[in-house]
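Peer 1: What follows is query.txt; its format and atoms are compact mmCIF, C-alpha atoms.
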```
# COMPACT_ATOMS: atom_id res chain seq x y z
CA MET A 1 57.37 -37.36 52.77
CA GLU A 2 60.70 -39.11 53.08
CA LYS A 3 62.46 -35.95 54.22
CA LEU A 4 59.94 -35.43 57.02
CA ARG A 5 60.48 -39.02 58.10
CA ASN A 6 64.13 -38.23 58.76
CA ILE A 7 63.10 -35.39 61.10
CA CYS A 8 60.26 -36.91 63.11
CA ASP A 9 58.86 -40.26 64.23
CA GLY A 10 55.25 -39.17 63.86
CA ILE A 11 53.01 -36.27 62.88
CA VAL A 12 50.15 -34.77 64.87
CA VAL A 13 47.79 -32.72 62.73
CA LEU A 14 45.58 -30.57 64.95
CA ASP A 15 42.86 -27.95 64.87
CA THR A 16 40.87 -25.95 67.38
CA GLU A 17 37.52 -24.26 67.48
CA THR A 18 37.47 -21.28 69.82
CA SER A 19 35.00 -18.91 71.44
CA GLY A 20 36.67 -15.95 69.70
CA LEU A 21 39.87 -14.74 68.10
CA SER A 22 41.86 -13.62 71.17
CA PHE A 23 44.01 -16.35 72.73
CA GLU A 24 44.25 -14.25 75.90
CA ASN A 25 40.53 -13.53 76.36
CA ASP A 26 38.79 -16.40 74.56
CA GLU A 27 38.96 -20.17 74.99
CA ILE A 28 39.30 -23.39 73.03
CA ILE A 29 35.89 -25.07 72.87
CA GLU A 30 36.86 -28.02 70.66
CA PHE A 31 40.22 -29.71 70.15
CA SER A 32 40.83 -32.34 67.49
CA ALA A 33 43.97 -34.13 66.37
CA VAL A 34 45.05 -37.00 64.17
CA ARG A 35 48.31 -38.82 64.88
CA LEU A 36 50.07 -40.29 61.86
CA GLN A 37 53.01 -42.69 61.84
CA TRP A 38 54.89 -44.51 59.15
CA ASN A 39 54.03 -48.09 58.26
CA GLY A 40 56.79 -48.94 55.82
CA ASP A 41 56.67 -46.17 53.22
CA GLU A 42 53.06 -45.23 53.99
CA LEU A 43 51.95 -42.59 56.47
CA CYS A 44 48.94 -43.98 58.33
CA THR A 45 46.47 -42.67 60.91
CA VAL A 46 47.00 -44.45 64.22
CA SER A 47 44.70 -42.42 66.49
CA GLU A 48 42.20 -39.58 66.56
CA VAL A 49 41.15 -37.16 69.29
CA ASP A 50 38.00 -35.05 69.22
CA GLU A 51 36.93 -33.38 72.46
CA PHE A 52 34.70 -30.51 73.47
CA ILE A 53 36.10 -28.41 76.33
CA ARG A 54 34.03 -26.86 79.09
CA ARG A 55 34.16 -23.10 79.67
CA THR A 56 35.71 -21.82 82.88
CA ASP A 57 32.98 -19.27 83.53
CA ASP A 58 29.35 -18.58 82.69
CA ARG A 59 30.02 -16.59 79.53
CA LYS A 60 27.81 -17.69 76.67
CA LEU A 61 29.05 -18.37 73.15
CA SER A 62 28.21 -15.65 70.67
CA PRO A 63 25.48 -16.41 68.11
CA LYS A 64 28.13 -16.06 65.39
CA ILE A 65 30.29 -18.85 66.88
CA VAL A 66 27.25 -21.09 67.35
CA GLU A 67 26.20 -20.52 63.75
CA LEU A 68 29.71 -21.09 62.38
CA THR A 69 30.58 -24.24 64.35
CA GLY A 70 27.27 -25.72 65.45
CA ILE A 71 28.70 -25.89 68.97
CA THR A 72 26.35 -24.70 71.73
CA ASP A 73 26.71 -23.86 75.42
CA GLU A 74 24.53 -26.86 76.26
CA LEU A 75 26.79 -29.15 74.23
CA LEU A 76 29.88 -27.91 76.09
CA ARG A 77 28.20 -28.36 79.49
CA GLU A 78 26.99 -31.89 78.75
CA GLN A 79 29.85 -33.30 76.67
CA GLY A 80 32.83 -31.06 77.40
CA ILE A 81 35.87 -32.25 79.35
CA SER A 82 37.96 -30.13 81.70
CA LYS A 83 40.92 -28.05 80.60
CA GLN A 84 43.21 -30.18 82.76
CA ALA A 85 41.97 -33.29 80.95
CA ILE A 86 42.72 -31.89 77.50
CA CYS A 87 46.20 -30.88 78.68
CA GLU A 88 46.79 -34.50 79.75
CA ILE A 89 45.71 -35.66 76.29
CA LEU A 90 48.13 -33.21 74.68
CA ALA A 91 50.97 -34.57 76.81
CA GLN A 92 50.13 -38.10 75.68
CA ILE A 93 50.01 -37.45 71.94
CA LEU A 94 52.91 -34.98 71.70
CA THR A 95 55.68 -37.48 72.37
CA PRO A 96 59.30 -36.54 71.56
CA ARG A 97 60.16 -36.20 67.84
CA THR A 98 56.55 -35.45 66.93
CA LEU A 99 55.92 -32.91 64.17
CA ILE A 100 53.04 -30.57 64.99
CA CYS A 101 51.16 -29.65 61.82
CA ALA A 102 48.19 -27.31 61.32
CA TYR A 103 46.63 -25.00 58.75
CA ASN A 104 47.31 -21.50 60.12
CA ALA A 105 49.30 -23.04 62.95
CA GLN A 106 50.04 -19.66 64.55
CA PHE A 107 46.40 -19.32 65.64
CA ASP A 108 46.05 -22.80 67.13
CA LEU A 109 49.46 -22.80 68.82
CA LEU A 110 48.88 -19.49 70.63
CA PHE A 111 45.64 -20.84 72.09
CA LEU A 112 47.35 -24.11 73.07
CA TYR A 113 50.30 -22.35 74.69
CA HIS A 114 47.91 -20.19 76.71
CA LEU A 115 45.87 -23.24 77.76
CA LEU A 116 48.94 -25.25 78.79
CA ARG A 117 50.50 -22.39 80.75
CA LYS A 118 47.38 -22.21 82.93
CA HIS A 119 46.32 -25.85 83.18
CA GLY A 120 49.25 -28.04 82.08
CA ASP A 121 52.86 -27.81 80.97
CA ALA A 122 53.64 -25.55 78.00
CA ARG A 123 57.10 -27.09 77.67
CA ILE A 124 55.59 -30.01 75.73
CA LEU A 125 55.15 -27.63 72.77
CA LYS A 126 58.46 -25.79 72.99
CA ASP A 127 60.92 -28.22 71.38
CA GLN A 128 58.53 -29.95 68.98
CA PRO A 129 59.03 -29.11 65.29
CA LYS A 130 56.14 -27.13 63.84
CA LEU A 131 54.78 -26.99 60.28
CA ASP A 132 52.27 -24.41 59.07
CA LEU A 133 50.52 -25.60 55.93
CA LEU A 134 49.07 -22.13 55.30
CA THR A 135 52.63 -20.86 54.83
CA VAL A 136 53.35 -23.69 52.39
CA TYR A 137 50.12 -23.07 50.47
CA LYS A 138 50.83 -19.34 50.11
CA ASP A 139 54.11 -20.24 48.43
CA ARG A 140 52.36 -22.52 45.95
CA ARG A 141 49.06 -20.86 45.01
CA PRO A 142 47.81 -17.28 44.54
CA TYR A 143 45.21 -15.70 46.81
CA PRO A 144 42.75 -16.76 48.32
CA HIS A 145 44.40 -19.05 50.87
CA LYS A 146 41.70 -20.51 53.11
CA LEU A 147 41.59 -24.24 53.85
CA CYS A 148 38.54 -24.56 51.60
CA ASN A 149 40.59 -23.09 48.73
CA ALA A 150 43.34 -25.67 49.28
CA ILE A 151 40.77 -28.47 49.31
CA GLU A 152 39.42 -27.26 45.97
CA GLN A 153 42.84 -26.70 44.39
CA TYR A 154 43.93 -30.25 45.25
CA ASN A 155 40.58 -31.74 44.11
CA LEU A 156 39.73 -33.18 47.50
CA GLN A 157 36.08 -32.07 47.64
CA ASP A 158 34.73 -35.60 47.35
CA ARG A 159 36.86 -36.82 50.26
CA VAL A 160 36.93 -34.07 52.88
CA CYS A 161 35.20 -30.81 53.81
CA ASN A 162 35.99 -27.56 55.62
CA SER A 163 32.99 -27.53 57.98
CA HIS A 164 34.42 -25.38 60.82
CA ARG A 165 34.20 -28.41 63.10
CA ALA A 166 37.68 -29.26 64.30
CA ILE A 167 37.65 -32.98 63.50
CA ASP A 168 36.45 -32.41 59.92
CA ASP A 169 39.05 -29.70 59.40
CA VAL A 170 41.82 -31.91 60.81
CA ARG A 171 40.95 -34.72 58.42
CA ALA A 172 40.89 -32.22 55.57
CA THR A 173 44.28 -30.84 56.64
CA VAL A 174 45.76 -34.36 56.61
CA GLU A 175 44.70 -34.83 52.99
CA VAL A 176 45.96 -31.38 52.01
CA MET A 177 49.30 -32.14 53.63
CA LYS A 178 49.64 -35.41 51.71
CA ALA A 179 48.70 -33.69 48.43
CA MET A 180 51.25 -30.95 49.06
CA SER A 181 53.96 -33.48 49.77
CA SER A 182 53.21 -35.36 46.55
CA GLU A 183 53.30 -32.09 44.62
CA CYS A 184 56.74 -31.03 45.89
CA ASP A 185 58.93 -32.76 48.46
CA ASP A 186 60.21 -29.64 50.21
CA MET A 187 57.96 -29.65 53.29
CA ASP A 188 60.96 -30.10 55.57
CA ARG A 189 62.20 -26.64 54.53
CA TYR A 190 59.12 -25.05 56.14
CA ILE A 191 59.56 -26.57 59.58
CA ASN A 192 59.57 -23.80 62.21
CA LEU A 193 59.17 -21.23 59.41
CA PHE A 194 55.93 -19.20 59.46
CA GLY A 195 54.98 -16.56 56.93
CA TYR A 196 53.12 -13.43 57.97
CA SER A 197 51.35 -10.57 56.22
CA LYS A 198 53.63 -7.70 55.27
CA LYS A 199 50.74 -5.32 55.87
CA TYR A 200 49.51 -6.57 59.25
CA GLY A 201 52.60 -8.18 60.78
CA VAL A 202 52.72 -11.29 62.94
CA SER A 203 49.32 -12.20 64.36
CA GLY A 204 49.59 -12.29 68.13
CA ALA A 205 52.68 -13.15 70.13
CA ARG A 206 55.77 -14.64 68.49
CA ILE A 207 56.58 -18.25 69.33
CA SER A 208 60.23 -18.49 70.36
CA SER A 209 60.97 -21.69 68.41
CA VAL A 210 59.56 -20.27 65.15
CA CYS A 211 61.29 -18.10 62.54
CA TYR A 212 58.91 -15.52 61.05
CA LYS A 213 59.30 -14.03 57.58
CA PRO A 214 57.06 -11.63 55.64
CA GLN A 215 55.09 -13.36 52.90
CA GLY A 216 52.98 -11.81 50.14
CA PHE A 217 49.89 -13.14 48.37
CA GLU A 218 51.84 -14.14 45.26
CA ASN A 219 55.35 -15.47 45.71
CA PHE A 220 57.89 -16.13 42.99
CA VAL A 221 60.66 -17.10 45.41
CA LYS A 222 60.13 -19.74 48.09
CA LEU A 223 59.95 -18.31 51.58
CA TYR A 224 62.82 -20.53 52.75
CA GLU A 225 65.02 -19.13 49.97
CA LYS A 226 64.56 -15.50 51.01
```
Show the structure stored in the file as structure tokens.

Peer 2:
Amino acid sequence: MEKLRNICDGIVVLDTETSGLSFENDEIIEFSAVRLQWNGDELCTVSEVDEFIRRTDDRKLSPKIVELTGITDELLREQGISKQAICEILAQILTPRTLICAYNAQFDLLFLYHLLRKHGDARILKDQPKLDLLTVYKDRRPYPHKLCNAIEQYNLQDRVCNSHRAIDDVRATVEVMKAMSSECDDMDRYINLFGYSKKYGVSGARISSVCYKPQGFENFVKLYEK
């Protein structure tokens, strides 16, 4: 990860669980992040965040979301923090020269932008470099491309799991990121470069700091070389 070290002082790997798929109509119900910084040549975890977030209205979670995540309305009421509080946490961990990293980052970032515009300051996301590990993985392995597939391909099953709880998925994403970097040291070429389906187009709104390029299921030329 030496090339990434020249670009950023630290890495925040993040994940969200949400009440649905629409960043405009649904909400983040769990936010998790791991901050990594260099200790000599080693990239080490220095802090973790895992918070449930209270809903802003009386809408109940769908049975499908409850089944998938294990998160319930009662859990959010009793243990959830306010949206303003999670925005303050984001401002604390996203210091200047921090690389934001996620698996399918487009999804998480749209929800975070929407949250910060309403309850915080969205400018903390604007100038931060962004790395989407799903885009990297699509360049390196054939379909399918879920996080669980990456965990299996990099033989990480005995260390992490894709449980659809944000903190578990963040820890899994950290290990996938490290495995990818060991496999090929070109991660810096994917910063602010997101692939999207040729058939369906960009999912949701475009993020102004990101360059989008169409990406197929099997790629013989790296996306950054196109």

Peer 1: Can you measure CA of Val13 in chain A to CA of Ala102 in chain A for me? One decimal in Å is fine.

Peer 2: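 So the answer is 5.6 Å.
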
Peer 1: Restricting the calculation to all atoms listed in the file: of A:Arg123, A:Arg165, A:Lys198, A:Lys130, which residue gets closest to Ile71 in chain A?

Peer 2: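 Checking each candidate against Ile71 in chain A, we get A:Arg165 as the closest.
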
Peer 1: Mind giving me the straight-line distance from CA of Thr18 in chain A to CA of Gln79 in chain A in Å, one decimal?

Peer 2: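 Answer for the CA of Thr18 in chain A to CA of Gln79 in chain A separation: 15.8 Å.
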
Peer 1: Let me know the centre plus edge lengths, in Å and rounded to one decimal, of a box with edges along x, y and z that contains all listed atoms of range 220-226 of chain A and is padded by 8 Å on every side, as JSON.

Peer 2:
```
{"center_x": 61.5, "center_y": -18.0, "center_z": 47.9, "size_x": 23.1, "size_y": 21.0, "size_z": 25.8}
```

Peer 1: From the list A:Ser181, A:Ser82, A:Ser197, A:Asn155, which residue is nearest Arg140 in chain A when using all atoms listed in the file?

Peer 2: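 Closest residue, counting all atoms listed in the file: A:Ser181.
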
Peer 1: Measure the distance from CA of Glu88 in chain A to CA of Gly204 in chain A in Å and round it to one decimal.

Peer 2: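 Taking CA of Glu88 in chain A and CA of Gly204 in chain A, their separation equals 25.2 Å.
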
Peer 1: With distances taken over all atoms listed in the file, which of A:Thr95, A:Gln157, A:Gln37, A:Thr173 is nearest to Asp132 in chain A?

Peer 2: A:Thr173

Peer 1: Given only C-alpha atoms as the basis, pick out the residue of A:Val174, A:Leu109, A:Ile81, A:Val49 nearest to Asn162 in chain A.

Peer 2: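 Looking at the shortest contact to Asn162 in chain A, the residue is A:Val174.
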